Structure formats: structure tokens, C-alpha cells
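Note: the block below is run.txt and it holds compact mmCIF, C-alpha atoms.
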# COMPACT_ATOMS: atom_id res chain seq x y z
CA MET I 240 -24.33 -13.42 -5.86
CA GLN I 241 -23.52 -10.35 -7.94
CA SER I 242 -21.81 -10.66 -11.31
CA ARG I 243 -18.49 -8.99 -11.98
CA ALA I 244 -18.50 -5.92 -14.20
CA THR I 245 -16.96 -5.99 -17.65
CA VAL I 246 -15.09 -3.11 -19.26
CA SER I 247 -17.93 -2.58 -21.71
CA THR I 248 -20.56 -2.30 -18.95
CA VAL I 249 -18.33 0.05 -16.97
CA LEU I 250 -17.78 2.34 -19.94
CA ASP I 251 -21.46 2.25 -20.80
CA ALA I 252 -22.28 3.38 -17.26
CA ALA I 253 -19.76 6.23 -17.70
CA GLY I 254 -21.57 7.33 -20.86
CA VAL I 255 -19.03 5.97 -23.31
CA GLY I 256 -20.26 3.97 -26.30
CA ALA I 257 -18.37 1.61 -28.58
CA ASP I 258 -17.89 4.35 -31.19
CA ASP I 259 -16.12 6.52 -28.61
CA ILE I 260 -13.39 3.96 -27.90
CA ALA I 261 -10.14 4.07 -29.85
CA ALA I 262 -8.34 1.32 -27.94
CA CYS I 263 -8.63 -1.01 -24.92
CA VAL I 264 -5.42 -2.55 -23.63
CA PRO I 265 -5.19 -4.85 -20.58
CA LEU I 266 -2.41 -3.78 -18.22
CA THR I 267 -0.14 -6.19 -16.41
CA GLY I 268 1.83 -5.68 -13.24
CA GLY I 269 -1.07 -5.63 -10.80
CA THR I 270 -1.83 -8.74 -8.81
CA TYR I 271 -5.39 -8.21 -7.59
CA ASN I 272 -7.69 -6.13 -9.82
CA ALA I 273 -8.21 -6.56 -13.55
CA VAL I 274 -6.85 -3.31 -15.02
CA THR I 275 -7.47 -1.96 -18.53
CA ARG I 276 -6.26 1.22 -20.21
CA VAL I 277 -8.93 2.78 -22.40
CA THR I 278 -8.14 5.46 -24.99
CA LEU I 279 -11.12 7.45 -26.24
CA THR I 280 -11.47 8.97 -29.68
CA ASP I 281 -11.36 12.46 -28.17
CA GLY I 282 -7.88 11.76 -26.78
CA ARG I 283 -8.76 11.05 -23.16
CA ASP I 284 -7.00 8.13 -21.47
CA TRP I 285 -8.67 6.23 -18.66
CA VAL I 286 -7.82 3.28 -16.46
CA VAL I 287 -10.58 0.84 -15.52
CA LYS I 288 -10.16 -1.29 -12.40
CA ILE I 289 -12.43 -4.26 -11.73
CA PRO I 290 -11.89 -6.42 -8.64
CA PRO I 291 -12.24 -10.20 -8.75
CA PRO I 292 -15.64 -11.71 -7.92
CA PRO I 293 -16.40 -12.12 -4.19
CA THR I 294 -16.05 -15.88 -4.52
CA ALA I 295 -12.41 -15.62 -5.64
CA PRO I 296 -9.68 -16.54 -3.11
CA GLY I 297 -8.37 -13.51 -1.28
CA MET I 298 -7.16 -12.08 1.99
CA ARG I 299 -9.46 -10.71 4.66
CA TYR I 300 -8.26 -7.12 4.40
CA GLU I 301 -8.84 -7.08 0.62
CA ARG I 302 -12.62 -6.87 0.80
CA ASP I 303 -13.81 -3.65 -0.91
CA LEU I 304 -10.29 -2.45 -1.69
CA LEU I 305 -11.62 0.13 -4.15
CA VAL I 306 -13.20 2.03 -1.25
CA ASN I 307 -9.71 2.54 0.17
CA GLU I 308 -8.35 3.61 -3.21
CA VAL I 309 -11.06 6.19 -3.90
CA THR I 310 -10.61 7.55 -0.36
CA PHE I 311 -6.88 7.93 -0.89
CA TYR I 312 -7.25 9.78 -4.20
CA SER I 313 -9.83 12.15 -2.76
CA GLU I 314 -7.76 12.99 0.31
CA ALA I 315 -4.45 13.25 -1.56
CA ALA I 316 -5.91 15.53 -4.24
CA ALA I 317 -7.14 17.86 -1.51
CA GLN I 318 -3.49 18.20 -0.45
CA ASN I 319 -2.45 19.05 -4.05
CA VAL I 320 -0.60 15.75 -4.35
CA ALA I 321 -0.78 14.47 -7.94
CA VAL I 322 -2.95 11.36 -8.13
CA PRO I 323 -5.40 9.94 -10.69
CA HIS I 324 -8.75 11.73 -10.99
CA VAL I 325 -11.74 9.51 -10.25
CA VAL I 326 -13.95 9.73 -13.34
CA HIS I 327 -16.63 7.25 -12.29
CA SER I 328 -16.94 4.62 -9.60
CA VAL I 329 -19.38 2.12 -8.17
CA LEU I 330 -18.25 0.86 -4.77
CA ASP I 331 -21.40 -0.91 -3.63
CA THR I 332 -20.92 -4.67 -3.76
CA GLY I 333 -24.69 -4.96 -4.05
CA ALA I 334 -24.77 -3.17 -7.40
CA ALA I 335 -25.86 -5.26 -10.37
CA THR I 336 -22.39 -5.10 -11.92
CA GLY I 337 -20.40 -5.27 -8.73
CA PRO I 338 -17.83 -2.56 -7.86
CA TYR I 339 -15.45 -0.87 -10.28
CA LEU I 340 -13.37 2.27 -10.68
CA VAL I 341 -12.69 4.48 -13.71
CA MET I 342 -9.90 7.01 -13.32
CA SER I 343 -7.67 9.21 -15.41
CA THR I 344 -4.19 8.13 -16.39
CA CYS I 345 -1.21 10.09 -15.12
CA SER I 346 1.86 11.16 -17.04
CA GLY I 347 5.19 9.50 -16.46
CA GLN I 348 6.55 6.02 -15.92
CA PRO I 349 7.09 3.95 -12.78
CA TRP I 350 10.18 5.02 -10.90
CA SER I 351 11.23 1.36 -10.85
CA ASP I 352 11.37 1.39 -14.67
CA ALA I 353 13.35 4.63 -14.81
CA ALA I 354 15.78 3.81 -12.00
CA ALA I 355 18.44 2.35 -14.29
CA THR I 356 18.83 5.67 -16.12
CA MET I 357 18.95 7.89 -13.03
CA THR I 358 22.11 9.50 -11.76
CA ASP I 359 22.75 9.52 -8.02
CA GLY I 360 22.09 13.27 -8.00
CA GLU I 361 18.72 12.93 -9.70
CA GLU I 362 17.68 10.13 -7.38
CA ARG I 363 18.62 12.15 -4.30
CA ARG I 364 16.63 15.12 -5.60
CA LEU I 365 13.60 12.93 -6.28
CA ARG I 366 13.82 11.35 -2.82
CA HIS I 367 13.75 14.85 -1.31
CA GLU I 368 10.74 15.76 -3.44
CA LEU I 369 9.00 12.53 -2.47
CA GLY I 370 9.62 13.18 1.20
CA HIS I 371 7.98 16.58 0.87
CA LEU I 372 4.90 15.06 -0.82
CA VAL I 373 4.53 12.30 1.76
CA GLY I 374 4.81 14.89 4.49
CA HIS I 375 1.78 16.62 2.99
CA LEU I 376 -0.13 13.34 2.86
CA HIS I 377 0.60 12.78 6.53
CA ALA I 378 -1.02 16.09 7.39
CA VAL I 379 -4.39 14.49 6.59
CA THR I 380 -6.33 13.06 9.51
CA ARG I 381 -9.84 11.81 10.19
CA PRO I 382 -11.14 11.78 13.77
CA GLU I 383 -13.59 8.94 13.04
CA GLY I 384 -10.97 6.35 13.96
CA PHE I 385 -8.23 3.97 12.83
CA GLY I 386 -8.25 1.21 10.22
CA TYR I 387 -9.27 0.57 6.62
CA PRO I 388 -11.91 2.96 5.19
CA ALA I 389 -13.58 -0.06 3.57
CA LYS I 390 -14.08 -1.51 7.08
CA ALA I 391 -13.05 -4.91 5.75
CA LEU I 392 -11.98 -5.97 9.25
CA GLY I 393 -14.77 -4.18 11.11
CA PRO I 394 -15.65 -0.58 11.98
CA LEU I 395 -12.94 2.04 12.42
CA ALA I 396 -11.42 1.62 15.87
CA PRO I 397 -11.04 4.35 18.51
CA ALA I 398 -7.44 3.26 19.24
CA TRP I 399 -4.59 2.38 16.91
CA ARG I 400 -3.61 -0.63 19.01
CA GLN I 401 -7.08 -2.10 18.49
CA ALA I 402 -7.06 -1.46 14.74
CA PHE I 403 -3.54 -2.77 14.10
CA THR I 404 -4.13 -5.86 16.21
CA ALA I 405 -7.17 -6.66 14.03
CA MET I 406 -5.01 -6.16 10.92
CA THR I 407 -2.23 -8.49 12.06
CA ASP I 408 -4.68 -11.07 13.41
CA ALA I 409 -6.38 -11.13 10.00
CA VAL I 410 -3.19 -11.72 8.00
CA LEU I 411 -2.10 -14.46 10.40
CA ALA I 412 -5.54 -16.06 10.06
CA ASP I 413 -5.06 -15.91 6.28
CA ALA I 414 -1.69 -17.63 6.70
CA ASP I 415 -3.44 -20.45 8.57
CA THR I 416 -6.26 -20.63 6.02
CA TYR I 417 -3.88 -20.94 3.08
CA ARG I 418 -1.33 -23.05 4.99
CA VAL I 419 1.49 -20.64 4.28
CA ARG I 420 4.84 -21.65 5.67
CA LEU I 421 6.34 -18.75 7.62
CA THR I 422 9.62 -18.37 9.48
CA ARG I 423 7.81 -19.09 12.77
CA PRO I 424 4.44 -20.63 13.71
CA THR I 425 1.58 -18.13 13.52
CA ASP I 426 0.69 -18.50 17.20
CA ARG I 427 4.23 -17.50 18.20
CA ILE I 428 4.18 -14.51 15.85
CA ARG I 429 0.80 -13.44 17.19
CA ALA I 430 2.02 -13.65 20.79
CA LEU I 431 5.13 -11.60 20.01
CA LEU I 432 3.13 -8.88 18.24
CA ALA I 433 0.71 -8.77 21.18
CA ALA I 434 3.59 -8.33 23.62
CA ALA I 435 4.79 -5.30 21.66
CA ALA I 436 1.32 -3.85 21.07
CA PRO I 437 1.33 -1.38 24.00
CA VAL I 438 3.77 0.82 22.03
CA LEU I 439 0.97 1.47 19.55
CA ASP I 440 -0.77 3.57 22.21
CA ASP I 441 1.84 6.24 21.43
CA VAL I 442 -0.16 6.90 18.23
CA THR I 443 -3.25 9.01 18.92
CA ARG I 444 -3.95 10.66 15.56
CA PRO I 445 -5.40 8.68 12.60
CA THR I 446 -3.20 9.71 9.66
CA LEU I 447 -3.57 9.00 5.95
CA VAL I 448 -1.21 6.08 5.22
CA HIS I 449 -0.73 4.79 1.66
CA PHE I 450 1.29 1.72 2.79
CA ASP I 451 2.38 0.73 -0.72
CA LEU I 452 4.80 3.49 -1.70
CA TRP I 453 7.39 1.33 -3.38
CA GLN I 454 8.90 2.67 -6.60
CA GLY I 455 6.43 0.84 -8.85
CA ASN I 456 3.61 3.02 -7.50
CA LEU I 457 5.53 6.28 -7.94
CA LEU I 458 5.44 7.79 -11.42
CA VAL I 459 8.28 10.05 -12.54
CA ASP I 460 7.83 12.46 -15.42
CA GLY I 461 10.17 14.47 -17.61
CA GLU I 462 13.49 14.01 -19.33
CA PRO I 463 16.36 12.12 -17.67
CA GLY I 464 18.15 14.45 -15.32
CA ALA I 465 15.13 16.74 -14.93
CA ARG I 466 12.42 14.31 -13.80
CA THR I 467 9.84 15.10 -11.15
CA ILE I 468 7.28 13.02 -9.27
CA GLY I 469 4.40 12.74 -11.75
CA ALA I 470 1.88 11.00 -9.51
CA ILE I 471 1.30 8.54 -6.71
CA VAL I 472 -0.93 5.63 -7.76
CA ASP I 473 -2.49 2.40 -6.43
CA GLY I 474 -3.84 3.63 -3.12
CA GLU I 475 -5.89 0.49 -2.44
CA ARG I 476 -3.92 -0.56 0.67
CA MET I 477 -4.52 2.83 2.29
CA PHE I 478 -5.60 3.00 5.93
CA TRP I 479 -5.96 5.52 8.75
CA GLY I 480 -3.07 4.85 11.12
CA ASP I 481 0.47 5.68 12.16
CA PRO I 482 2.38 7.74 9.57
CA VAL I 483 5.53 5.81 10.47
CA ALA I 484 3.93 2.79 8.76
CA ASP I 485 4.53 4.39 5.35
CA PHE I 486 8.29 4.27 5.92
CA VAL I 487 8.30 0.49 5.43
CA SER I 488 7.36 0.47 1.73
CA LEU I 489 9.24 3.72 1.12
CA ALA I 490 12.41 1.85 2.13
CA LEU I 491 11.23 -1.57 0.96
CA LEU I 492 13.69 -4.22 2.17
CA GLY I 493 15.89 -1.35 3.33
CA ASP I 494 16.45 1.10 6.21
CA MET I 495 14.56 4.41 6.23
CA GLU I 496 16.91 5.89 8.84
CA LYS I 497 19.63 5.99 6.16
CA ASP I 498 17.46 7.87 3.62
CA GLU I 499 18.71 11.35 4.48
CA GLU I 500 17.27 13.05 1.39
CA PHE I 501 13.76 11.69 1.94
CA LEU I 502 13.77 12.60 5.63
CA ALA I 503 14.99 16.13 4.85
CA GLY I 504 12.17 16.57 2.35
CA TYR I 505 9.68 15.08 4.77
CA ALA I 506 10.66 17.64 7.40
CA THR I 507 9.96 20.50 4.98
CA GLY I 508 6.46 19.17 4.32
CA SER I 509 3.80 18.85 6.94
CA GLY I 510 5.31 15.66 8.34
CA GLY I 511 7.91 17.40 10.46
CA ALA I 512 11.27 16.04 11.51
CA VAL I 513 11.34 12.35 12.44
CA GLU I 514 13.15 11.22 15.57
CA PHE I 515 13.93 7.51 15.43
CA ASP I 516 13.51 6.90 19.14
CA ALA I 517 12.75 3.56 20.78
CA SER I 518 9.00 3.90 20.15
CA VAL I 519 9.37 4.68 16.45
CA ARG I 520 11.85 1.84 15.91
CA LEU I 521 9.62 -0.71 17.62
CA ARG I 522 6.56 0.46 15.72
CA LEU I 523 8.54 0.27 12.46
CA ALA I 524 9.43 -3.33 13.27
CA LEU I 525 5.73 -4.12 13.79
CA TYR I 526 4.78 -2.55 10.45
CA ARG I 527 7.61 -4.36 8.69
CA CYS I 528 6.17 -7.61 10.02
CA TYR I 529 2.73 -6.71 8.74
CA LEU I 530 3.88 -5.84 5.22
CA TYR I 531 6.19 -8.82 4.90
CA LEU I 532 3.47 -11.15 6.16
CA ILE I 533 1.12 -9.79 3.49
CA MET I 534 3.77 -10.24 0.79
CA LEU I 535 4.33 -13.87 1.78
CA VAL I 536 0.72 -14.88 2.39
CA GLU I 537 -0.82 -13.28 -0.71
CA THR I 538 1.26 -15.45 -3.03
CA VAL I 539 -1.08 -18.37 -2.33
CA PRO I 540 -4.55 -16.92 -3.04
CA ARG I 541 -3.14 -14.93 -5.97
CA ARG I 542 -1.48 -18.03 -7.42
CA THR I 543 1.82 -16.23 -7.89
CA PRO I 544 4.04 -17.95 -10.49
CA ALA I 545 6.64 -20.27 -8.98
CA GLU I 546 9.68 -18.21 -10.02
CA GLN I 547 8.29 -15.00 -8.53
CA ARG I 548 7.08 -16.85 -5.45
CA GLU I 549 10.58 -18.19 -4.88
CA TRP I 550 12.06 -14.69 -5.25
CA ILE I 551 9.60 -13.31 -2.69
CA ARG I 552 10.36 -16.10 -0.27
CA ARG I 553 14.12 -15.68 -0.70
CA GLU I 554 14.04 -11.89 -0.27
CA VAL I 555 11.17 -11.36 2.18
CA GLU I 556 11.51 -14.23 4.66
CA PRO I 557 14.84 -12.90 6.01
CA GLN I 558 13.30 -9.45 6.34
CA LEU I 559 10.36 -10.85 8.31
CA GLU I 560 12.68 -12.76 10.61
CA SER I 561 14.84 -9.65 11.07
CA ALA I 562 11.77 -7.61 12.06
CA LEU I 563 10.64 -10.27 14.54
CA THR I 564 14.13 -10.37 16.04
CA ASP I 565 14.14 -6.57 16.33
CA ILE I 566 10.85 -6.73 18.24
CA GLU I 567 12.29 -9.30 20.65
CA SER I 568 15.39 -7.16 21.19
CA ALA I 569 13.31 -4.04 21.81
CA LEU I 570 11.09 -5.81 24.30
CA ARG I 571 14.14 -7.02 26.26
CA THR I 572 15.48 -3.48 26.34
CA ARG I 573 12.15 -2.06 27.49
CA GLY I 574 12.06 -4.60 30.26

Rewrite the structure of this file - the entire thing - as C-alpha cells.
Amino acid sequence: MQSRATVSTVLDAAGVGADDIAACVPLTGGTYNAVTRVTLTDGRDWVVKIPPPPTAPGMRYERDLLVNEVTFYSEAAAQNVAVPHVVHSVLDTGAATGPYLVMSTCSGQPWSDAAATMTDGEERRLRHELGHLVGHLHAVTRPEGFGYPAKALGPLAPAWRQAFTAMTDAVLADADTYRVRLTRPTDRIRALLAAAAPVLDDVTRPTLVHFDLWQGNLLVDGEPGARTIGAIVDGERMFWGDPVADFVSLALLGDMEKDEEFLAGYATGSGGAVEFDASVRLRLALYRCYLYLIMLVETVPRRTPAEQREWIRREVEPQLESALTDIESALRTRG
């Protein structure tokens, strides 16, 4: 069994000695990796990410998450989308230290922190800008197949239906493993998702999907009233799949069809105009189920505090049930 890296061993591997470090500050807010901000004496600011040891409780898709994150940053940077720069990384779980990632910090603050000081006009402008950026991300494709770059659930699949079925099967298996109470038994959820799975064959192009584009992972920079998108961060949940899947976290607990500014910006990027036809709506319901299942199940292995766990259950369970009901309704309509 490999040992987990420490910040000092990571910095040493990156050629940084103790005399080069001005400050090391652990960062909170993340729920999986240990994250530390390191300020060097020459003024550079880095973020060090170290995953938990392989023996720690976790979900099946979380194996080698840093592979997904490094892949996302590389592909997004090639599209001129602002993301952290990877300074140094070790992704091999067989390395003596275990895997880790060192990356640059990005200017700005989380959109979620700035939201209270935004006017409606500024928020609409930022949603348009965000749509344009996401459209550029969705121009990226890889013909090798669908699924997580880390191959946590197996090799990339030739068909999206195969890949997404493996993803949902894994999270439902995690729910059984950790005895998570859901709105319906896992076997019934699995059967419903399988009945809707043929719609996934409408997706034939593996697209870069971040899948965690809620406001906490979007940095905004500048003075109030003149802010811009500073960077997109935390790409560890990235996969190759259906671009529509990104709309779930972009409208977290909400309705993307009502986000006119984002959709207008998206159309000006490489994403093109989105038509919310029967296929798109059913696929969106499937991806809502997947994200909400993750949000509910992960609270157990991550030992989420009781107050936060109760908030997640109160807010997310109705959303999961709504998505399941939407799938049932769509299947009745499709006959």
C-alpha cells in the first residue's frame, strides 16, 4: 500500500525548499481532496491537491480523480478558457508518494461568494459570458470513447449508453454499500434508468463535460458591476459524454430552459443553439438523477456534518424524485 503524499514532499518534488515558502494555508470548502494554498517567497501562489489514501471510504467513480482534473485543465486551456495551470503532477497511484497535483491559483472569488453584491444586470451579463465559455468547452471531443478519463469504472466505452449505464450502476451500488436511504429502492431506480437508456443513443460525439459548474467552481474577477469570469476550477468530475449533462450543475436545483442569457451566450460559442426537444429533456432528467444521486450518496463516505447532510437531503431529495417522475412521464409519452 502506497503512502499519501504530504505538502512538504510534493513541494520538494517540484523543486521548492523550505526557504522558498512564505506561507502554507489549508483551504476549506472541498469535500474530497486535501487542499493547501502555498505562497512562495518570489510571489507565486500555488494550490496543492492531495487525494485521500486508497483505503479511505469513497465512491467508485472517485478513483484517480486527479487524472480527470488534469485532463480538463489541459483541454480547457487549449480552448483559451481560463483555468489553473498545472505546475507539477504525479497521477500514478503506484508512485512512492501516491498521486498529487500542484497548480497555479487564479484571480477572483467564487461566484457564490460574490452573488449577494451582484445586480441583476451584472448577473445576466456574466451568465451570457459563461454560456459563451461553456460553448467553447463543448467544442472539444475525443474519438477514443465515452466515460471518465481516469477509467475508474472501466475503459472508455464506444457508446454513451454503455458509459452512462456504468456510471449510474456504480452510484447505485455505492448507495447499497453505504446503506443510503433514497426516495425509491435502488433496484427500482436502476430499472427506470435502464428503460430510458435508449435515448442516450442520440449522443454520438464524446464531448468535454465538466459536470460540476455550480457557482462555487466559477471564479469572478474585477470590481462590482464590471466583473468577468476569472476562471473555471475543480474539474475532477469531468468526463467525455453528452454536453447536455453540463446543464444540470449550471442550473443546480433549477431549470436551464429558463436561463435565456446563458443559452444566448452558449449559441454564440461553439455549442450552438440548444433545442429542448423530447430527447434533450429526457436526457437532462437522466443526468439530474445522476448528479442528485451522487450528492446524496457521497454524504456517507465523506462523513458530511449532520446539519449540512440534512440540508442536502431536504433540498436534493425532492429534485431527485422530480427527475425520476419526469423520466416516467417521458417514457409514457414516448410509448

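The interatomic distance for the pair CA of Val274 (chain I) and CA of Glu308 (chain I) works out to 13.8 Å.
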
Find, counting all atoms listed in the file, the residue in I:Ala435, I:Val325, I:Leu305, I:Val519 that gets nearest to Gly337 (chain I).
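Result for the nearest residue to Gly337 (chain I): I:Leu305.
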
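The shell of residues at most 9 Å from Thr538 (chain I), with only C-alpha atoms counted and near chain neighbours (fewer than 3 positions) removed, consists of Val419, Ile533, Met534, Leu535, Arg541, Arg542, Thr543, Pro544, Gln547, Arg548 and Ile551 of chain I.
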
Can you tell me how far CA of Thr332 (chain I) sits from CA of Pro291 (chain I), in Å to one decimal?
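If I compute the distance from CA of Thr332 (chain I) to CA of Pro291 (chain I), I get 11.4 Å.
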
Work out how far apart CA of Leu340 (chain I) and CA of Tyr526 (chain I) are and give it in Å to one decimal.
28.3 Å

Each residue of region 357-386 of chain I with at least one atom at most 6 Å from region 446-465 of chain I should appear once, together with its nearest atom pair and the corresponding distance in Å (one decimal); atoms considered: all atoms listed in the file; ordering: chain, then increasing residue number; output as a tab-separated table.
residue	atom	partner	partner_atom	distance
I:Glu361	CA	I:Gly464	CA	5.8
I:His377	CA	I:Leu447	CA	5.7
I:Val379	CA	I:Leu447	CA	5.6
I:Thr380	CA	I:Thr446	CA	4.6

Could those selected residues go to a file with C-alpha atoms, as an mmCIF file, in the coordinates of the input?
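again.cif, written as the output of this step:
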data_model
loop_
_atom_site.group_PDB
_atom_site.id
_atom_site.type_symbol
_atom_site.label_atom_id
_atom_site.label_comp_id
_atom_site.auth_asym_id
_atom_site.auth_seq_id
_atom_site.Cartn_x
_atom_site.Cartn_y
_atom_site.Cartn_z
ATOM 1 C CA GLU I 361 18.720 12.930 -9.700
ATOM 2 C CA HIS I 377 0.600 12.780 6.530
ATOM 3 C CA VAL I 379 -4.390 14.490 6.590
ATOM 4 C CA THR I 380 -6.330 13.060 9.510
#

How would you write as a list in words the residues that get within 12 Å of (12.2, -14.4, 5.5) in the file's frame, counting all atoms listed in the file?
Arg420, Leu421, Thr422, Arg423, Leu492, Arg527, Cys528, Leu530, Tyr531, Leu532, Met534, Leu535, Val536, Glu549, Trp550, Ile551, Arg552, Arg553, Glu554, Val555, Glu556, Pro557, Gln558, Leu559, Glu560, Ser561, Ala562, Leu563 and Thr564 of chain I

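Ranking I:Gly282, I:Gly480, I:Asp415, I:Thr572 by their shortest atom-to-atom distance to Ala396 (chain I), with all atoms listed in the file included, puts I:Gly480 first.
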
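Residues in contact range of Leu304 (chain I), defined as at most 9 Å between all atoms listed in the file, with sequence neighbours fewer than 6 positions away removed, read Pro290, Tyr387, Pro388, Ala389, Ala391, Gly474, Glu475, Arg476 and Met477 of chain I.
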
Using all atoms listed in the file, which of I:Pro338, I:Pro265, I:Gly384, I:Pro323 sits nearest Val249 (chain I)?
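Ranked by minimum distance to Val249 (chain I), first place goes to I:Pro338.
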
Which is closer to Asp303 (chain I) than all the others in I:Ala414, I:Cys345, I:Leu365, I:Leu392, using all atoms listed in the file?
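Residue with the minimum atom-to-atom distance to Asp303 (chain I): I:Leu392.
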
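Counting only C-alpha atoms, the residue from I:Ala434, I:Ile289, I:Val442, I:Val306 that sits nearest to Pro482 (chain I) is I:Val442.
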
Between I:Tyr300, I:Leu491, I:Asp359, I:Asp473, which residue has the minimum interatomic distance to Tyr312 (chain I), considering all atoms listed in the file?
I:Asp473

For Ser509 (chain I): contacts at 9 Å, only C-alpha atoms, fewer than 3 positions along chain excluded, given as a PDB file with C-alpha atoms, keeping the file's coordinate frame:
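That gives us part-v6.pdb:
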ATOM      1  CA  HIS I 371       7.980  16.580   0.870  1.00  0.00           C
ATOM      2  CA  LEU I 372       4.900  15.060  -0.820  1.00  0.00           C
ATOM      3  CA  VAL I 373       4.530  12.300   1.760  1.00  0.00           C
ATOM      4  CA  GLY I 374       4.810  14.890   4.490  1.00  0.00           C
ATOM      5  CA  HIS I 375       1.780  16.620   2.990  1.00  0.00           C
ATOM      6  CA  LEU I 376      -0.130  13.340   2.860  1.00  0.00           C
ATOM      7  CA  HIS I 377       0.600  12.780   6.530  1.00  0.00           C
ATOM      8  CA  ALA I 378      -1.020  16.090   7.390  1.00  0.00           C
ATOM      9  CA  TYR I 505       9.680  15.080   4.770  1.00  0.00           C
ATOM     10  CA  ALA I 506      10.660  17.640   7.400  1.00  0.00           C
TER      11      ALA I 506
END
